[in-house]
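> This is query_22.txt, which holds compact mmCIF, C-alpha atoms:
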# COMPACT_ATOMS: atom_id res chain seq x y z
CA MET L 1 74.35 -146.89 90.96
CA LYS L 2 76.32 -149.30 93.13
CA ASN L 3 75.38 -147.23 96.16
CA LEU L 4 71.72 -147.48 95.23
CA ASP L 5 71.86 -151.26 94.84
CA HIS L 6 73.67 -151.49 98.16
CA LEU L 7 71.02 -149.30 99.83
CA ILE L 8 68.17 -151.39 98.40
CA ALA L 9 69.84 -154.59 99.62
CA GLN L 10 70.31 -153.08 103.08
CA LEU L 11 66.72 -151.80 103.32
CA ALA L 12 65.37 -155.17 102.17
CA GLN L 13 67.45 -156.85 104.86
CA ASP L 14 66.08 -154.46 107.51
CA ASN L 15 62.50 -155.09 106.46
CA ALA L 16 60.68 -156.68 109.37
CA PRO L 17 56.92 -157.37 109.26
CA ARG L 18 55.24 -154.13 110.15
CA ALA L 19 51.60 -153.50 110.95
CA ALA L 20 50.05 -150.88 108.71
CA ALA L 21 48.81 -147.77 110.46
CA SER L 22 45.11 -147.74 111.33
CA HIS L 23 42.61 -145.94 109.14
CA PRO L 24 42.78 -142.16 109.74
CA LEU L 25 39.16 -142.05 110.88
CA LEU L 26 39.99 -144.59 113.58
CA ILE L 27 43.05 -142.57 114.58
CA ALA L 28 40.98 -139.38 114.63
CA SER L 29 38.29 -140.97 116.79
CA THR L 30 40.93 -142.15 119.25
CA TRP L 31 42.39 -138.63 119.47
CA LEU L 32 38.90 -137.19 119.74
CA GLY L 33 38.03 -139.62 122.52
CA TYR L 34 41.15 -138.65 124.48
CA ALA L 35 40.51 -134.95 123.91
CA LEU L 36 36.89 -135.09 125.03
CA ALA L 37 37.81 -137.21 128.05
CA TYR L 38 40.45 -134.60 128.90
CA CYS L 39 37.89 -131.82 128.53
CA LEU L 40 35.38 -133.67 130.73
CA ILE L 41 38.02 -134.34 133.39
CA GLY L 42 38.92 -130.63 133.23
CA LEU L 43 35.28 -129.70 133.74
CA TRP L 44 34.96 -132.20 136.58
CA VAL L 45 38.00 -130.67 138.30
CA SER L 46 37.18 -126.99 137.66
CA GLY L 47 33.38 -127.36 137.66
CA THR L 48 30.97 -126.19 134.98
CA ARG L 49 29.53 -122.68 134.97
CA PRO L 50 26.57 -122.54 137.38
CA ASP L 51 24.26 -121.05 134.73
CA LEU L 52 25.08 -123.70 132.10
CA ALA L 53 21.56 -125.16 132.02
CA ALA L 54 20.08 -121.70 131.42
CA ARG L 55 22.69 -120.84 128.79
CA LEU L 56 21.83 -124.00 126.88
CA HIS L 57 18.49 -122.36 126.07
CA ASN L 58 20.32 -119.51 124.35
CA VAL L 59 20.55 -120.15 120.60
CA GLU L 60 23.81 -118.20 120.06
CA PHE L 61 25.56 -119.98 122.91
CA VAL L 62 24.41 -123.40 121.73
CA ALA L 63 25.46 -122.61 118.15
CA GLU L 64 28.89 -121.49 119.39
CA ILE L 65 29.36 -124.71 121.37
CA VAL L 66 28.16 -126.87 118.47
CA VAL L 67 30.53 -125.17 116.01
CA LEU L 68 33.39 -125.50 118.51
CA LEU L 69 32.65 -129.19 118.91
CA THR L 70 32.51 -129.59 115.12
CA LEU L 71 35.82 -127.74 114.87
CA VAL L 72 37.33 -130.20 117.34
CA LEU L 73 35.99 -133.08 115.24
CA ALA L 74 37.12 -131.59 111.90
CA SER L 75 40.60 -130.72 113.15
CA SER L 76 41.10 -134.21 114.60
CA ILE L 77 40.17 -135.78 111.25
CA SER L 78 42.32 -133.31 109.33
CA ALA L 79 45.30 -133.90 111.64
CA ALA L 80 44.94 -137.67 111.26
CA LEU L 81 44.80 -137.40 107.45
CA LEU L 82 47.79 -135.05 107.37
CA ALA L 83 49.80 -137.65 109.27
CA PHE L 84 49.83 -139.72 106.05
CA PRO L 85 52.09 -138.59 103.19
CA ASP L 86 49.24 -138.71 100.66
CA ALA L 87 46.62 -137.45 103.17
CA TYR L 88 45.07 -140.90 102.66
CA GLN L 89 44.19 -139.58 99.18
CA LYS L 90 41.50 -137.36 100.64
CA PRO L 91 43.20 -133.95 100.42
CA ARG L 92 39.94 -131.97 100.50
CA TRP L 93 39.02 -133.42 103.86
CA THR L 94 42.10 -131.79 105.35
CA LEU L 95 40.53 -128.39 104.62
CA TRP L 96 37.47 -128.96 106.81
CA PRO L 97 38.87 -126.97 109.73
CA LEU L 98 39.23 -123.94 107.45
CA ALA L 99 35.60 -124.18 106.40
CA LEU L 100 34.56 -124.58 110.04
CA LEU L 101 36.66 -121.58 111.04
CA ALA L 102 34.86 -119.50 108.41
CA VAL L 103 31.50 -120.60 109.83
CA PHE L 104 32.77 -119.83 113.31
CA VAL L 105 33.85 -116.32 112.33
CA VAL L 106 30.43 -115.62 110.77
CA LEU L 107 28.75 -116.91 113.91
CA LEU L 108 30.88 -114.70 116.15
CA VAL L 109 30.21 -111.64 113.98
CA LEU L 110 26.45 -112.30 114.23
CA ALA L 111 26.69 -112.79 118.00
CA TYR L 112 28.74 -109.59 118.29
CA ALA L 113 26.10 -107.66 116.32
CA ALA L 114 23.31 -109.12 118.45
CA ASP L 115 25.11 -108.20 121.69
CA ASN L 116 23.23 -104.93 122.10
CA PRO L 117 23.39 -103.47 124.72
CA PRO L 118 26.74 -105.23 125.25
CA ALA L 119 26.95 -107.69 128.12
CA PRO L 120 29.21 -106.44 130.92
CA GLN L 121 32.88 -107.27 130.52
CA PRO L 122 34.35 -109.55 133.19
CA LEU L 123 37.02 -108.06 135.47
CA HIS L 124 39.78 -110.29 134.13
CA SER L 125 41.21 -110.34 130.57
CA TRP L 126 44.49 -112.10 129.66
CA GLN L 127 43.97 -114.68 132.38
CA CYS L 128 41.54 -116.46 130.05
CA THR L 129 44.19 -116.68 127.32
CA MET L 130 46.67 -118.04 129.86
CA ALA L 131 44.15 -120.65 131.02
CA ILE L 132 43.46 -121.74 127.43
CA VAL L 133 47.18 -122.02 126.68
CA MET L 134 47.87 -124.02 129.85
CA VAL L 135 45.02 -126.44 129.18
CA ALA L 136 45.99 -126.80 125.50
CA ILE L 137 49.60 -127.80 126.23
CA ILE L 138 48.84 -131.45 127.00
CA PRO L 139 46.54 -132.24 124.03
CA GLY L 140 48.72 -130.16 121.69
CA GLY L 141 51.95 -131.82 122.74
CA TRP L 142 50.35 -135.24 122.69
CA THR L 143 48.87 -134.77 119.19
CA LEU L 144 52.16 -133.54 117.74
CA TRP L 145 53.98 -136.44 119.37
CA ALA L 146 51.42 -138.89 117.98
CA MET L 147 51.78 -137.37 114.48
CA ARG L 148 55.54 -137.84 114.62
CA ARG L 149 55.01 -141.61 114.51
CA PHE L 150 53.60 -141.25 111.01
CA ALA L 151 55.06 -139.45 107.97
CA VAL L 152 53.86 -135.89 107.69
CA ILE L 153 54.84 -134.08 104.53
CA ARG L 154 52.77 -130.87 104.89
CA ARG L 155 54.42 -130.12 108.20
CA GLY L 156 53.32 -126.49 108.59
CA MET L 157 49.68 -127.21 107.94
CA ALA L 158 49.77 -130.34 110.11
CA GLY L 159 51.30 -128.33 112.97
CA SER L 160 48.63 -125.64 112.64
CA VAL L 161 45.80 -128.14 112.59
CA ALA L 162 47.20 -130.03 115.60
CA VAL L 163 47.48 -126.80 117.60
CA LEU L 164 44.01 -125.71 116.47
CA PHE L 165 42.65 -129.06 117.64
CA ALA L 166 44.22 -128.65 121.09
CA PHE L 167 43.13 -125.02 121.45
CA SER L 168 39.57 -125.81 120.35
CA VAL L 169 39.33 -128.42 123.09
CA SER L 170 40.74 -125.93 125.56
CA ALA L 171 38.44 -123.10 124.41
CA LEU L 172 35.47 -125.46 124.70
CA TRP L 173 36.45 -126.31 128.27
CA LEU L 174 36.75 -122.62 129.22
CA ARG L 175 33.46 -121.66 127.57
CA LEU L 176 31.64 -124.34 129.59
CA GLN L 177 33.47 -123.42 132.78
CA GLU L 178 33.59 -119.62 132.95
CA VAL L 179 30.59 -117.45 133.80
CA ASN L 180 30.92 -114.82 131.12
CA ASP L 181 28.42 -113.49 128.60
CA SER L 182 30.56 -110.83 126.97
CA ILE L 183 31.05 -111.83 123.36
CA SER L 184 33.75 -109.19 122.82
CA HIS L 185 35.75 -110.63 125.74
CA VAL L 186 35.33 -114.11 124.29
CA ILE L 187 36.50 -112.95 120.86
CA TYR L 188 39.53 -110.98 122.11
CA TRP L 189 40.74 -113.27 124.87
CA HIS L 190 39.53 -116.73 123.84
CA TYR L 191 39.21 -117.12 120.09
CA LEU L 192 41.68 -114.59 118.69
CA PRO L 193 44.56 -116.12 120.70
CA MET L 194 43.35 -119.53 119.51
CA LEU L 195 43.84 -118.41 115.90
CA ILE L 196 47.18 -116.76 116.68
CA PHE L 197 48.47 -119.91 118.33
CA ALA L 198 47.20 -122.00 115.42
CA SER L 199 49.41 -119.92 113.13
CA VAL L 200 52.33 -120.40 115.53
CA GLY L 201 51.59 -124.11 115.06
CA TRP L 202 52.65 -123.71 111.41
CA TRP L 203 56.15 -122.77 112.57
CA LEU L 204 56.11 -125.45 115.27
CA GLY L 205 55.02 -128.16 112.85
CA LYS L 206 57.89 -127.34 110.48
CA ARG L 207 60.33 -128.03 113.29
CA VAL L 208 58.67 -130.80 115.26
CA LEU L 209 57.30 -132.95 112.46
CA ARG L 210 60.57 -133.58 110.61
CA TRP L 211 61.30 -137.20 109.75
CA MET Z 212 50.23 -150.29 82.94
CA SER Z 213 47.35 -151.36 85.21
CA GLU Z 214 49.06 -154.73 85.72
CA ASN Z 215 52.22 -152.85 86.58
CA LEU Z 216 50.40 -150.72 89.17
CA ASP Z 217 48.77 -153.83 90.63
CA SER Z 218 52.20 -155.34 91.00
CA PHE Z 219 53.41 -152.32 93.00
CA THR Z 220 50.49 -152.67 95.41
CA ASN Z 221 50.93 -156.42 95.58
CA LEU Z 222 54.68 -156.14 96.22
CA MET Z 223 54.12 -153.57 98.95
CA GLN Z 224 51.54 -155.75 100.68
CA ARG Z 225 53.94 -158.70 100.61
CA ALA Z 226 56.76 -156.47 101.82
CA LEU Z 227 54.67 -155.29 104.79
CA ASN Z 228 54.19 -158.94 105.70
CA GLY Z 229 57.96 -159.33 105.89
CA ASP Z 230 58.75 -160.67 102.38
CA ASN Z 231 62.24 -159.25 101.80
CA ARG Z 232 62.49 -160.33 98.17
CA ALA Z 233 59.23 -158.60 97.34
CA TYR Z 234 60.47 -155.53 99.16
CA SER Z 235 63.76 -155.49 97.27
CA GLU Z 236 61.89 -155.86 93.98
CA LEU Z 237 59.50 -153.07 94.97
CA LEU Z 238 62.37 -150.71 95.79
CA GLN Z 239 64.13 -151.51 92.52
CA LYS Z 240 60.96 -150.90 90.52
CA THR Z 241 60.35 -147.72 92.47
CA ALA Z 242 63.87 -146.50 91.67
CA GLN Z 243 63.37 -147.29 87.97
CA LEU Z 244 60.07 -145.43 88.00
CA LEU Z 245 61.41 -142.34 89.75
CA ARG Z 246 64.75 -141.96 87.97
CA PRO Z 247 63.31 -140.28 84.82
CA TYR Z 248 61.00 -138.15 87.00
CA LEU Z 249 64.01 -136.84 88.94
CA ALA Z 250 66.28 -136.58 85.89
CA LYS Z 251 63.78 -134.16 84.34
CA ARG Z 252 63.96 -131.94 87.41
CA LEU Z 253 67.62 -132.11 88.40
CA LEU Z 254 70.63 -131.13 86.37
CA PHE Z 255 73.29 -133.58 87.54
CA ALA Z 256 73.24 -137.39 87.72
CA ASN Z 257 74.81 -137.22 91.19
CA ASP Z 258 71.88 -135.17 92.45
CA VAL Z 259 69.43 -137.67 90.94
CA ASP Z 260 71.17 -140.51 92.80
CA ASP Z 261 71.23 -138.55 96.07
CA VAL Z 262 67.53 -137.68 95.93
CA LEU Z 263 66.62 -141.20 94.85
CA GLN Z 264 68.39 -142.60 97.89
CA GLU Z 265 66.62 -140.08 100.14
CA ILE Z 266 63.28 -141.11 98.67
CA LEU Z 267 63.93 -144.83 99.12
CA LEU Z 268 64.92 -144.24 102.74
CA SER Z 269 61.71 -142.24 103.24
CA VAL Z 270 59.62 -144.97 101.63
CA HIS Z 271 61.24 -147.39 104.07
CA LYS Z 272 60.53 -145.18 107.09
CA ALA Z 273 56.97 -144.42 106.03
CA ARG Z 274 55.96 -147.84 104.73
CA HIS Z 275 53.59 -148.39 107.65
CA THR Z 276 51.47 -145.47 106.41
CA TYR Z 277 50.58 -147.48 103.30
CA ASP Z 278 47.99 -150.17 103.92
CA GLY Z 279 47.48 -151.55 100.41
CA GLY Z 280 43.88 -150.36 100.37
CA ARG Z 281 44.54 -147.42 98.06
CA PRO Z 282 46.71 -146.81 94.97
CA TYR Z 283 50.45 -146.98 95.63
CA LEU Z 284 51.67 -144.36 93.17
CA PRO Z 285 50.00 -141.24 94.68
CA TRP Z 286 51.47 -142.27 98.02
CA LEU Z 287 54.92 -142.75 96.47
CA TYR Z 288 54.85 -139.51 94.48
CA ALA Z 289 53.75 -137.54 97.54
CA ILE Z 290 56.92 -138.72 99.28
CA ALA Z 291 59.05 -138.17 96.15
CA ARG Z 292 57.83 -134.58 95.68
CA PHE Z 293 58.37 -133.85 99.36
CA ARG Z 294 61.97 -135.13 99.34
CA LEU Z 295 62.75 -133.43 96.04
CA SER Z 296 61.52 -130.05 97.26
CA ASP Z 297 63.35 -130.55 100.55
CA TYR Z 298 66.54 -131.29 98.64
CA LEU Z 299 66.13 -128.29 96.34
CA ARG Z 300 65.34 -126.02 99.28
CA GLU Z 301 68.46 -127.12 101.15
CA HIS Z 302 70.57 -126.96 98.00
CA TYR Z 303 69.54 -123.38 97.21
CA ALA Z 304 69.75 -122.30 100.84
CA ASP Z 305 73.30 -123.68 100.89
CA ASP Z 306 74.15 -121.86 97.65
CA LEU Z 307 72.89 -118.59 99.09
CA LYS Z 308 74.84 -119.14 102.30
CA HIS Z 309 78.06 -119.47 100.34
CA ALA Z 310 77.28 -116.74 97.84
CA SER Z 311 79.33 -113.59 98.23
CA ASP Z 312 77.91 -110.11 98.11
CA ILE Z 313 78.59 -108.39 94.79
CA ALA Z 314 79.74 -105.33 96.77
CA ASP Z 315 82.65 -107.41 98.13
CA TRP Z 316 83.91 -107.86 94.59
CA GLU Z 317 83.40 -104.30 93.46
CA ASN Z 318 86.82 -103.06 94.55
CA LEU Z 319 88.61 -106.05 93.02
CA LEU Z 320 87.16 -105.52 89.57
CA PRO Z 321 88.93 -103.26 87.08
CA GLU Z 322 87.45 -99.79 87.21
CA THR Z 323 86.83 -99.73 83.49
CA VAL Z 324 86.03 -102.78 81.47
CA THR Z 325 86.15 -100.96 78.13
CA GLU Z 326 88.43 -98.33 76.78
CA THR Z 327 87.03 -94.86 77.31
CA ALA Z 328 86.94 -92.58 74.36
CA PHE Z 329 87.92 -89.54 76.46
CA SER Z 330 90.56 -88.85 79.04
CA TYR Z 331 89.46 -86.81 82.04
CA GLU Z 332 91.69 -83.94 80.87
CA SER Z 333 89.86 -83.70 77.56
CA ILE Z 334 86.48 -83.27 79.23
CA ARG Z 335 87.57 -81.26 82.27
CA ALA Z 336 86.02 -78.06 80.84
CA GLU Z 337 82.63 -79.75 80.43
CA VAL Z 338 82.84 -81.29 83.91
CA GLU Z 339 83.44 -77.88 85.45
CA LYS Z 340 80.21 -76.62 83.90
CA LEU Z 341 78.20 -79.29 85.78
CA PRO Z 342 76.51 -78.53 89.15
CA ALA Z 343 79.21 -78.26 91.84
CA LYS Z 344 78.39 -81.55 93.58
CA GLN Z 345 78.38 -83.58 90.37
CA ALA Z 346 81.63 -81.94 89.24
CA ILE Z 347 83.36 -82.77 92.53
CA ILE Z 348 82.17 -86.36 92.39
CA LEU Z 349 83.45 -86.88 88.83
CA GLN Z 350 86.73 -85.17 89.68
CA LEU Z 351 87.30 -87.40 92.70
CA MET Z 352 86.32 -90.55 90.83
CA HIS Z 353 88.01 -89.98 87.48
CA GLU Z 354 90.87 -87.58 88.14
CA GLN Z 355 91.94 -88.83 91.54
CA GLY Z 356 90.80 -92.44 91.05
CA HIS Z 357 88.62 -92.88 94.14
CA THR Z 358 85.83 -95.45 94.22
CA ALA Z 359 82.21 -94.40 94.77
CA LYS Z 360 82.46 -95.72 98.33
CA GLU Z 361 85.55 -93.61 99.05
CA VAL Z 362 83.98 -90.52 97.46
CA ALA Z 363 80.90 -91.04 99.62
CA SER Z 364 82.95 -90.99 102.81
CA LEU Z 365 85.07 -88.04 101.59
CA ILE Z 366 82.13 -85.76 100.87
CA GLY Z 367 79.73 -87.11 103.50
CA MET Z 368 77.11 -88.59 101.21
CA ASN Z 369 75.91 -92.14 101.04
CA GLU Z 370 77.32 -94.42 98.38
CA SER Z 371 74.14 -94.84 96.36
CA ALA Z 372 73.59 -91.05 96.28
CA VAL Z 373 77.12 -90.67 94.87
CA LYS Z 374 76.38 -93.28 92.20
CA VAL Z 375 73.10 -91.59 91.28
CA ALA Z 376 74.78 -88.16 91.04
CA ALA Z 377 77.59 -89.62 88.90
CA HIS Z 378 75.06 -91.35 86.65
CA ARG Z 379 73.19 -88.06 86.11
CA ALA Z 380 76.45 -86.29 85.32
CA TYR Z 381 77.38 -88.99 82.76
CA LYS Z 382 74.02 -88.51 81.06
CA VAL Z 383 74.55 -84.75 80.77
CA LEU Z 384 78.11 -85.22 79.47
CA LYS Z 385 76.95 -87.85 76.99
CA THR Z 386 74.41 -85.51 75.41
CA LYS Z 387 76.99 -82.74 75.23
CA LEU Z 388 79.98 -84.75 73.99
CA MET Z 389 78.24 -87.36 71.80
CA PRO Z 390 75.46 -85.47 70.00
Would it be possible to restate this file's structure as structure tokens?

Amino acid sequence: MKNLDHLIAQLAQDNAPRAAASHPLLIASTWLGYALAYCLIGLWVSGTRPDLAARLHNVEFVAEIVVLLTLVLASSISAALLAFPDAYQKPRWTLWPLALLAVFVVLLVLAYAADNPPAPQPLHSWQCTMAIVMVAIIPGGWTLWAMRRFAVIRRGMAGSVAVLFAFSVSALWLRLQEVNDSISHVIYWHYLPMLIFASVGWWLGKRVLRW
Amino acid sequence: MSENLDSFTNLMQRALNGDNRAYSELLQKTAQLLRPYLAKRLLFANDVDDVLQEILLSVHKARHTYDGGRPYLPWLYAIARFRLSDYLREHYADDLKHASDIADWENLLPETVTETAFSYESIRAEVEKLPAKQAIILQLMHEQGHTAKEVASLIGMNESAVKVAAHRAYKVLKTKLMP
């Protein structure tokens, strides 16, 4: 009991005025702004696919890009909420990325079924996964570092969402950059690794987001 | 109760503005609030004190994530649950790390914990009627005093197979000798 009183006295003495963290939506929009700027800079450096204007008339492609963009938005909001111990008392909002992933899977299944006869496979394969991983390192590392300044209690989930956020940005960049119409290639070498790395994020979050 | 909750929020807002007395009062009230919650979940008073201290330190570290615009208690209990489960996880992981394998103790324990009704000599005739492998196992274990592990290495079987064979033999002998 004496120890507890001593601790309280010490903590009270250490208490300096401290600005409260911004609202999670503001934090999420900052992260989103950085991520989209990063994606645009990436596209400016690597160039967009030459047939982008034509592809934007294709419903499946546009739907894929829209859902990817929404996934980026949802995962940034979810990551920002998970940075607060009580998820800013909006726990359901943290599940948005899961709902978006379900929509994304349905969309990919429909696109896969509609890909008949299948579009020719590109000559490369794992290089796409490598490119996505390389591009995702900066936003992923930055998001996890930013989350460490808060107080994450669902560390595994927060890690997964942060990695998903970074990989969605990266996958979006590659989809707008690479000339490739093969949906099976996109599923195997773009989106499946994205999901695998998001689950690795669970493990990463448990280690990186300790406080 | 509502007034009490308001006071938590109010104290926290004053604490964030650098009011040390309000902060000290908030931490004391928080400790009073959480003590029964922890006492229900932990066996020893020492553990309750340890976890309480962990929680107060966490509240201190995370106080910038509370802005006064939402109820204080869900925020506090989220941290309390997190630290409690962390503590329990570490505690049990530590217990398991220091736990010894029961097999390590097997050879130190007395071979029989109760008096047997029969000596091996008195049931030798029945043992010899068992299948050869079971008979050898019982002979080695009960006449020569080997453990199941030693018997296993002597006859080239694995230890659990020896135990299973011995168990089957005991069942047969039991039905014959204790009708």
> Kindly give the distance, in Å, that separates CA of Leu267 (chain Z) and CA of Ala291 (chain Z), rounded to a single decimal.
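Distance between the two atoms: 8.8 Å.
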> Quote the spacing between CA of Ile137 (chain L) and CA of Gly201 (chain L) in Å to one decimal place.
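The value is 11.9 Å.
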> So which residues touch Ala380 (chain Z) within 9 Å, counting all atoms listed in the file, skipping near sequence neighbours fewer than 2 positions away, as an NGL selection string?
:Z and (338 or 341-342 or 345-346 or 349 or 375-378 or 382-385)
> For the residues selected in the previous step, produce a file with C-alpha atoms as a tab-separated table (two decimals), in the coordinates of the input.

chain	number	residue	atom	x	y	z
Z	338	VAL	CA	82.84	-81.29	83.91
Z	341	LEU	CA	78.20	-79.29	85.78
Z	342	PRO	CA	76.51	-78.53	89.15
Z	345	GLN	CA	78.38	-83.58	90.37
Z	346	ALA	CA	81.63	-81.94	89.24
Z	349	LEU	CA	83.45	-86.88	88.83
Z	375	VAL	CA	73.10	-91.59	91.28
Z	376	ALA	CA	74.78	-88.16	91.04
Z	377	ALA	CA	77.59	-89.62	88.90
Z	378	HIS	CA	75.06	-91.35	86.65
Z	382	LYS	CA	74.02	-88.51	81.06
Z	383	VAL	CA	74.55	-84.75	80.77
Z	384	LEU	CA	78.11	-85.22	79.47
Z	385	LYS	CA	76.95	-87.85	76.99
> Would you mind listing, for every residue of chain L within 12 Å of chain Z, the two atoms forming the shortest contact and the distance between them in Å to one decimal, using all atoms listed in the file, sorted by chain and ascending residue number, as a tab-separated table?

residue	atom	partner	partner_atom	distance
L:Met1	CA	Z:Asp260	CA	7.4
L:Lys2	CA	Z:Asp260	CA	10.2
L:Asn3	CA	Z:Gln264	CA	8.6
L:Leu4	CA	Z:Gln264	CA	6.5
L:Asp5	CA	Z:Gln239	CA	8.1
L:His6	CA	Z:Gln264	CA	10.3
L:Leu7	CA	Z:Gln264	CA	7.5
L:Ile8	CA	Z:Ser235	CA	6.1
L:Ala9	CA	Z:Ser235	CA	6.6
L:Gln10	CA	Z:Ser235	CA	9.1
L:Leu11	CA	Z:His271	CA	7.1
L:Ala12	CA	Z:Asn231	CA	5.2
L:Gln13	CA	Z:Asn231	CA	6.5
L:Asp14	CA	Z:Asn231	CA	8.4
L:Asn15	CA	Z:Gly229	CA	6.2
L:Ala16	CA	Z:Gly229	CA	5.2
L:Pro17	CA	Z:Gly229	CA	4.0
L:Arg18	CA	Z:Leu227	CA	5.5
L:Ala19	CA	Z:His275	CA	6.4
L:Ala20	CA	Z:His275	CA	4.5
L:Ala21	CA	Z:Thr276	CA	5.4
L:Ser22	CA	Z:Asp278	CA	8.3
L:His23	CA	Z:Asp278	CA	8.6
L:Pro24	CA	Z:Thr276	CA	9.9
L:Ala80	CA	Z:Thr276	CA	11.3
L:Leu81	CA	Z:Thr276	CA	10.5
L:Leu82	CA	Z:Thr276	CA	11.1
L:Ala83	CA	Z:Thr276	CA	8.5
L:Phe84	CA	Z:Thr276	CA	6.0
L:Pro85	CA	Z:Ala289	CA	6.0
L:Asp86	CA	Z:Trp286	CA	5.0
L:Ala87	CA	Z:Trp286	CA	8.6
L:Tyr88	CA	Z:Arg281	CA	8.0
L:Gln89	CA	Z:Pro285	CA	7.5
L:Lys90	CA	Z:Arg281	CA	10.8
L:Pro91	CA	Z:Pro285	CA	11.5
L:Met147	CA	Z:Thr276	CA	11.4
L:Arg148	CA	Z:Ala273	CA	10.9
L:Arg149	CA	Z:Ala273	CA	9.1
L:Phe150	CA	Z:Thr276	CA	6.6
L:Ala151	CA	Z:Ala273	CA	5.7
L:Val152	CA	Z:Ala273	CA	9.2
L:Ile153	CA	Z:Phe293	CA	6.3
L:Arg154	CA	Z:Phe293	CA	8.4
L:Arg155	CA	Z:Phe293	CA	10.4
L:Lys206	CA	Z:Asp297	CA	11.8
L:Arg210	CA	Z:Asp297	CA	10.9
L:Trp211	CA	Z:Ser269	CA	8.2
> For those residues, write C-alpha atoms to a file as an mmCIF file, in the coordinates of the input.

data_model
loop_
_atom_site.group_PDB
_atom_site.id
_atom_site.type_symbol
_atom_site.label_atom_id
_atom_site.label_comp_id
_atom_site.auth_asym_id
_atom_site.auth_seq_id
_atom_site.Cartn_x
_atom_site.Cartn_y
_atom_site.Cartn_z
ATOM 1 C CA MET L 1 74.350 -146.890 90.960
ATOM 2 C CA LYS L 2 76.320 -149.300 93.130
ATOM 3 C CA ASN L 3 75.380 -147.230 96.160
ATOM 4 C CA LEU L 4 71.720 -147.480 95.230
ATOM 5 C CA ASP L 5 71.860 -151.260 94.840
ATOM 6 C CA HIS L 6 73.670 -151.490 98.160
ATOM 7 C CA LEU L 7 71.020 -149.300 99.830
ATOM 8 C CA ILE L 8 68.170 -151.390 98.400
ATOM 9 C CA ALA L 9 69.840 -154.590 99.620
ATOM 10 C CA GLN L 10 70.310 -153.080 103.080
ATOM 11 C CA LEU L 11 66.720 -151.800 103.320
ATOM 12 C CA ALA L 12 65.370 -155.170 102.170
ATOM 13 C CA GLN L 13 67.450 -156.850 104.860
ATOM 14 C CA ASP L 14 66.080 -154.460 107.510
ATOM 15 C CA ASN L 15 62.500 -155.090 106.460
ATOM 16 C CA ALA L 16 60.680 -156.680 109.370
ATOM 17 C CA PRO L 17 56.920 -157.370 109.260
ATOM 18 C CA ARG L 18 55.240 -154.130 110.150
ATOM 19 C CA ALA L 19 51.600 -153.500 110.950
ATOM 20 C CA ALA L 20 50.050 -150.880 108.710
ATOM 21 C CA ALA L 21 48.810 -147.770 110.460
ATOM 22 C CA SER L 22 45.110 -147.740 111.330
ATOM 23 C CA HIS L 23 42.610 -145.940 109.140
ATOM 24 C CA PRO L 24 42.780 -142.160 109.740
ATOM 25 C CA ALA L 80 44.940 -137.670 111.260
ATOM 26 C CA LEU L 81 44.800 -137.400 107.450
ATOM 27 C CA LEU L 82 47.790 -135.050 107.370
ATOM 28 C CA ALA L 83 49.800 -137.650 109.270
ATOM 29 C CA PHE L 84 49.830 -139.720 106.050
ATOM 30 C CA PRO L 85 52.090 -138.590 103.190
ATOM 31 C CA ASP L 86 49.240 -138.710 100.660
ATOM 32 C CA ALA L 87 46.620 -137.450 103.170
ATOM 33 C CA TYR L 88 45.070 -140.900 102.660
ATOM 34 C CA GLN L 89 44.190 -139.580 99.180
ATOM 35 C CA LYS L 90 41.500 -137.360 100.640
ATOM 36 C CA PRO L 91 43.200 -133.950 100.420
ATOM 37 C CA MET L 147 51.780 -137.370 114.480
ATOM 38 C CA ARG L 148 55.540 -137.840 114.620
ATOM 39 C CA ARG L 149 55.010 -141.610 114.510
ATOM 40 C CA PHE L 150 53.600 -141.250 111.010
ATOM 41 C CA ALA L 151 55.060 -139.450 107.970
ATOM 42 C CA VAL L 152 53.860 -135.890 107.690
ATOM 43 C CA ILE L 153 54.840 -134.080 104.530
ATOM 44 C CA ARG L 154 52.770 -130.870 104.890
ATOM 45 C CA ARG L 155 54.420 -130.120 108.200
ATOM 46 C CA LYS L 206 57.890 -127.340 110.480
ATOM 47 C CA ARG L 210 60.570 -133.580 110.610
ATOM 48 C CA TRP L 211 61.300 -137.200 109.750
#
> If we count only C-alpha atoms and set the cut-off at 12 Å, which residues sit around Ile334 (chain Z), ignoring sequence neighbours fewer than 5 positions away in its own chain? Please answer as a PyMOL selection string.
chain Z and resi 327-329+339-341+346+349-350+353-354+381+384-385+387-389
> Could the residues in this selection be saved with C-alpha atoms as a PDB file, in the coordinates of the input?

ATOM      1  CA  THR Z 327      87.030 -94.860  77.310  1.00  0.00           C
ATOM      2  CA  ALA Z 328      86.940 -92.580  74.360  1.00  0.00           C
ATOM      3  CA  PHE Z 329      87.920 -89.540  76.460  1.00  0.00           C
ATOM      4  CA  GLU Z 339      83.440 -77.880  85.450  1.00  0.00           C
ATOM      5  CA  LYS Z 340      80.210 -76.620  83.900  1.00  0.00           C
ATOM      6  CA  LEU Z 341      78.200 -79.290  85.780  1.00  0.00           C
ATOM      7  CA  ALA Z 346      81.630 -81.940  89.240  1.00  0.00           C
ATOM      8  CA  LEU Z 349      83.450 -86.880  88.830  1.00  0.00           C
ATOM      9  CA  GLN Z 350      86.730 -85.170  89.680  1.00  0.00           C
ATOM     10  CA  HIS Z 353      88.010 -89.980  87.480  1.00  0.00           C
ATOM     11  CA  GLU Z 354      90.870 -87.580  88.140  1.00  0.00           C
ATOM     12  CA  TYR Z 381      77.380 -88.990  82.760  1.00  0.00           C
ATOM     13  CA  LEU Z 384      78.110 -85.220  79.470  1.00  0.00           C
ATOM     14  CA  LYS Z 385      76.950 -87.850  76.990  1.00  0.00           C
ATOM     15  CA  LYS Z 387      76.990 -82.740  75.230  1.00  0.00           C
ATOM     16  CA  LEU Z 388      79.980 -84.750  73.990  1.00  0.00           C
ATOM     17  CA  MET Z 389      78.240 -87.360  71.800  1.00  0.00           C
TER      18      MET Z 389
END
